[in-house]
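**Q** One structure, pasted below without further comment.
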Amino acid sequence: LTLAVLMELSVVQRLGLFQAEELFNMLYDSRWRLPLIGTVLWRLDTYTDIVFIFIARDCGSSLWWASLATFVFGVVFGQLLLNMCFACTDCDHELPASFGFIMLDFKLVNTAVQQALPFDPDVSHLPVARPVTLRTASRLIGVEKIVGDIAQVSIQGMFLTSSNFAHGFVIFSVIVGILHCVLSF
């Protein structure tokens with residue numbers, strides 16, 4: 001989790017959009033606070049969802065199959081393969097040139113790049129608005145994550161209600177999933 005966040009911060013720093021001295025002030029700076037919290041929650045939610053699959057399997061619950069299917073479809077297929085495909089190939093040229101990385105939803109990188117630009121990439125000189133903008137692409141990714149979070153939280157909630165004893169980690173996973181769902185949009 002920490003390594004993934006630090007890797008994203010290093011990309012932002014290599015782009016020259018973030019200085020190492022600013023690292024300790026990130027939580028106090030309003031432009032970095034939400035992207036940092038969103039990044040941490042995304043990584044933490046992914047980790048807790050993976051661990052839940054093993055917890056449910058080891059407890060003898062058949063809900064681990066549903067959780068695995070939801071994870072594979074939502075994260076592996078939806079967030080990794082589908083978004084990677086859209087990030088690399090914008091065949092209709094709906095996104096501004098060289099902005100496909102927005103589809104990968106690295107919140108810190110996206111925030112840094114959008115704040116460093118001297119122009120608004122969503123503005124078009126055409127008489128009609130662009131059909132897909134960076135904001136709408138980000139919102140679509142948020143909806144994709146919300147659907148996956150709702151499914152995982154529902155499965156984990158069913159596990160908790162059918163379980164004979166409390167699972168603190170699963171309760172934590174449900175809380176992280178709800179928080180990530182709220183911050184995804």
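In the structure tokens, each chain is lettered A, B, ... as it comes, each chain's residues begin at 1, and ligands are numbered from 1 in order of appearance.
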Hey, what's within 8 Å of region 157-170 of chain A if we count only C-alpha atoms and toss same-chain stuff fewer than 3 positions away? As a CSV table (one decimal) with C-alpha atoms, in the first residue's frame, please?
**A**
```
chain,number,residue,atom,x,y,z
A,48,THR,CA,-9.0,-5.9,1.8
A,52,PHE,CA,-11.6,-11.3,2.1
A,56,ALA,CA,-14.3,-16.5,3.2
A,61,SER,CA,-18.2,-20.0,3.0
A,63,LEU,CA,-19.4,-16.5,-0.8
A,153,VAL,CA,-19.7,-4.7,0.4
A,154,SER,CA,-22.9,-6.6,-0.2
A,173,SER,CA,-13.1,-4.1,4.7
A,174,VAL,CA,-16.7,-3.2,4.6
```
**Q** Could you tell me which of A:Ser184, A:Ser62, A:Asn83, A:Thr70 comes closest to Gly142 (chain A) if we count only C-alpha atoms?
**A**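 Checking each candidate against Gly142 (chain A), we get A:Ser184 as the closest.
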**Q** Mind checking which residues fall within 8 Å of region 31-35 of chain A, counting only C-alpha atoms, ignoring those fewer than 5 positions away in the same chain, and posting them as a list in words?
**A**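 In the requested format, the answer is Met26, Lys107, Leu108 and Thr111 of chain A.
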**Q** For the residues in that selection, give me N, CA, C and O atoms as a PDB file, in the first residue's frame.
**A**
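Wrote it out as again_9.pdb, contents follow:
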```pdb
ATOM      1  N   MET A  26       1.329  17.415   2.410  1.00  0.00           N
ATOM      2  CA  MET A  26       0.273  16.987   1.491  1.00  0.00           C
ATOM      3  C   MET A  26      -1.103  16.953   2.130  1.00  0.00           C
ATOM      4  O   MET A  26      -2.084  17.348   1.518  1.00  0.00           O
ATOM      5  N   LYS A 107      -5.023   9.062  -9.224  1.00  0.00           N
ATOM      6  CA  LYS A 107      -5.559  10.341  -8.774  1.00  0.00           C
ATOM      7  C   LYS A 107      -4.490  11.406  -8.540  1.00  0.00           C
ATOM      8  O   LYS A 107      -4.684  12.559  -8.884  1.00  0.00           O
ATOM      9  N   LEU A 108      -3.358  11.027  -7.967  1.00  0.00           N
ATOM     10  CA  LEU A 108      -2.307  12.010  -7.705  1.00  0.00           C
ATOM     11  C   LEU A 108      -1.694  12.521  -9.011  1.00  0.00           C
ATOM     12  O   LEU A 108      -1.479  13.723  -9.171  1.00  0.00           O
ATOM     13  N   THR A 111      -4.357  14.733 -10.856  1.00  0.00           N
ATOM     14  CA  THR A 111      -4.491  16.038 -10.218  1.00  0.00           C
ATOM     15  C   THR A 111      -3.296  16.923 -10.520  1.00  0.00           C
ATOM     16  O   THR A 111      -3.457  18.097 -10.854  1.00  0.00           O
TER      17      THR A 111
END
```
**Q** Nearest to Gly177 (chain A) among A:Trp64, A:Trp42, A:Phe24, A:Phe73, with distances taken over only C-alpha atoms: which residue is it?
**A**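 The answer is A:Trp42, which sits nearest to Gly177 (chain A).
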**Q** If you count only C-alpha atoms, which residues fall within 12 Å of Leu68 (chain A), apart from same-chain ones fewer than 5 positions away, as a ChimeraX atom specification?
**A** /A:46,49-57,62-63,73-76,148,151-152,155-156
**Q** Would you work out the distance separating CA of Leu81 (chain A) from CA of Ala112 (chain A), expressed in Å to one decimal?
**A**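 Atom-to-atom, CA of Leu81 (chain A) to CA of Ala112 (chain A), that is 24.2 Å.
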**Q** Find the residue from A:Ile150, A:Leu183, A:Val143, A:Val109 that sits nearest to Ser10 (chain A); use only C-alpha atoms when measuring.
**A**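 Of the candidates, the smallest distance to Ser10 (chain A) is held by A:Val109.
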**Q** Report, in Å with one decimal, the straight-line distance from CA of Asp58 (chain A) to CA of Ile175 (chain A).
**A**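 A separation of 21.5 Å between them.
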**Q** Where does DSSP see helix (DSSP H, G or I) in region 19-75 of chain A, if you list the residues as a compact mmCIF listing (two decimals) with N, CA and C atoms, in the first residue's frame?
**A**
```txt
# COMPACT_ATOMS: atom_id res chain seq x y z
N ALA A 20 9.90 17.19 -3.33
CA ALA A 20 10.05 16.28 -2.19
C ALA A 20 9.74 16.98 -0.87
N GLU A 21 10.00 18.29 -0.80
CA GLU A 21 9.74 19.02 0.44
C GLU A 21 8.25 19.12 0.75
N GLU A 22 7.41 18.97 -0.28
CA GLU A 22 5.97 19.09 -0.11
C GLU A 22 5.33 17.83 0.45
N LEU A 23 6.09 16.73 0.55
CA LEU A 23 5.54 15.46 0.96
C LEU A 23 4.86 15.53 2.33
N PHE A 24 5.48 16.19 3.28
CA PHE A 24 4.93 16.23 4.63
C PHE A 24 3.74 17.19 4.76
N ASN A 25 3.58 18.08 3.78
CA ASN A 25 2.48 19.04 3.83
C ASN A 25 1.29 18.62 2.97
N SER A 30 -5.07 21.55 0.46
CA SER A 30 -6.39 21.10 -0.01
C SER A 30 -6.35 20.49 -1.41
N ARG A 31 -5.43 20.90 -2.26
CA ARG A 31 -5.40 20.34 -3.61
C ARG A 31 -4.90 18.90 -3.64
N TRP A 32 -4.16 18.46 -2.62
CA TRP A 32 -3.63 17.11 -2.56
C TRP A 32 -4.41 16.19 -1.63
N ARG A 33 -5.17 16.75 -0.71
CA ARG A 33 -5.81 15.96 0.34
C ARG A 33 -6.74 14.87 -0.23
N LEU A 34 -7.72 15.26 -1.04
CA LEU A 34 -8.68 14.28 -1.57
C LEU A 34 -8.03 13.27 -2.52
N PRO A 35 -7.16 13.69 -3.43
CA PRO A 35 -6.50 12.67 -4.27
C PRO A 35 -5.66 11.68 -3.47
N LEU A 36 -4.98 12.16 -2.42
CA LEU A 36 -4.16 11.26 -1.60
C LEU A 36 -5.04 10.28 -0.84
N ILE A 37 -6.10 10.78 -0.23
CA ILE A 37 -7.01 9.91 0.51
C ILE A 37 -7.68 8.92 -0.45
N GLY A 38 -8.08 9.39 -1.64
CA GLY A 38 -8.69 8.50 -2.63
C GLY A 38 -7.73 7.41 -3.09
N THR A 39 -6.47 7.77 -3.28
CA THR A 39 -5.47 6.79 -3.70
C THR A 39 -5.25 5.74 -2.61
N VAL A 40 -5.11 6.18 -1.37
CA VAL A 40 -4.90 5.25 -0.26
C VAL A 40 -6.11 4.32 -0.10
N LEU A 41 -7.32 4.90 -0.18
CA LEU A 41 -8.52 4.07 -0.03
C LEU A 41 -8.67 3.07 -1.18
N TRP A 42 -8.33 3.49 -2.40
CA TRP A 42 -8.41 2.58 -3.55
C TRP A 42 -7.49 1.38 -3.34
N ARG A 43 -6.25 1.65 -2.96
CA ARG A 43 -5.29 0.56 -2.75
C ARG A 43 -5.69 -0.31 -1.56
N LEU A 44 -6.14 0.32 -0.49
CA LEU A 44 -6.55 -0.42 0.70
C LEU A 44 -7.79 -1.26 0.43
N ASP A 45 -8.73 -0.72 -0.33
CA ASP A 45 -9.94 -1.46 -0.68
C ASP A 45 -9.60 -2.68 -1.53
N THR A 46 -8.70 -2.53 -2.47
CA THR A 46 -8.29 -3.65 -3.30
C THR A 46 -7.64 -4.74 -2.44
N TYR A 47 -6.76 -4.33 -1.54
CA TYR A 47 -6.09 -5.28 -0.65
C TYR A 47 -7.10 -6.01 0.24
N THR A 48 -8.02 -5.29 0.87
CA THR A 48 -8.98 -5.93 1.77
C THR A 48 -9.93 -6.85 1.00
N ASP A 49 -10.27 -6.50 -0.24
CA ASP A 49 -11.13 -7.38 -1.03
C ASP A 49 -10.42 -8.69 -1.37
N ILE A 50 -9.13 -8.62 -1.67
CA ILE A 50 -8.36 -9.84 -1.95
C ILE A 50 -8.26 -10.71 -0.71
N VAL A 51 -7.97 -10.09 0.42
CA VAL A 51 -7.84 -10.86 1.67
C VAL A 51 -9.18 -11.48 2.05
N PHE A 52 -10.29 -10.76 1.81
CA PHE A 52 -11.61 -11.31 2.14
C PHE A 52 -11.87 -12.61 1.38
N ILE A 53 -11.44 -12.70 0.14
CA ILE A 53 -11.64 -13.92 -0.64
C ILE A 53 -11.02 -15.11 0.09
N PHE A 54 -9.82 -14.94 0.63
CA PHE A 54 -9.15 -16.02 1.34
C PHE A 54 -9.80 -16.29 2.70
N ILE A 55 -10.26 -15.25 3.38
CA ILE A 55 -10.93 -15.43 4.66
C ILE A 55 -12.22 -16.23 4.46
N ALA A 56 -13.02 -15.84 3.48
CA ALA A 56 -14.29 -16.54 3.23
C ALA A 56 -14.04 -17.99 2.84
N ARG A 57 -13.03 -18.23 2.01
CA ARG A 57 -12.71 -19.60 1.60
C ARG A 57 -12.27 -20.44 2.79
N ASP A 58 -11.39 -19.86 3.62
CA ASP A 58 -10.88 -20.60 4.78
C ASP A 58 -11.95 -20.86 5.83
N LEU A 63 -19.38 -17.89 -0.32
CA LEU A 63 -19.38 -16.50 -0.80
C LEU A 63 -18.03 -16.09 -1.38
N TRP A 64 -17.01 -16.88 -1.13
CA TRP A 64 -15.71 -16.52 -1.69
C TRP A 64 -15.73 -16.60 -3.21
N TRP A 65 -16.57 -17.50 -3.76
CA TRP A 65 -16.69 -17.58 -5.22
C TRP A 65 -17.29 -16.30 -5.79
N ALA A 66 -18.33 -15.81 -5.14
CA ALA A 66 -18.98 -14.57 -5.59
C ALA A 66 -18.02 -13.39 -5.48
N SER A 67 -17.28 -13.36 -4.38
CA SER A 67 -16.32 -12.27 -4.19
C SER A 67 -15.20 -12.33 -5.22
N LEU A 68 -14.72 -13.54 -5.50
CA LEU A 68 -13.67 -13.71 -6.51
C LEU A 68 -14.18 -13.29 -7.89
N ALA A 69 -15.39 -13.70 -8.23
CA ALA A 69 -15.96 -13.33 -9.52
C ALA A 69 -16.14 -11.82 -9.63
N THR A 70 -16.61 -11.21 -8.57
CA THR A 70 -16.78 -9.75 -8.56
C THR A 70 -15.44 -9.06 -8.69
N PHE A 71 -14.44 -9.56 -7.99
CA PHE A 71 -13.10 -8.96 -8.07
C PHE A 71 -12.52 -9.10 -9.47
N VAL A 72 -12.61 -10.30 -10.03
CA VAL A 72 -12.06 -10.52 -11.36
C VAL A 72 -12.76 -9.64 -12.38
N PHE A 73 -14.08 -9.60 -12.33
CA PHE A 73 -14.82 -8.79 -13.31
C PHE A 73 -14.60 -7.30 -13.07
N GLY A 74 -14.73 -6.86 -11.82
CA GLY A 74 -14.65 -5.42 -11.53
C GLY A 74 -13.26 -4.85 -11.60
N VAL A 75 -12.30 -5.54 -11.02
CA VAL A 75 -10.94 -4.98 -10.95
C VAL A 75 -10.08 -5.44 -12.13
```
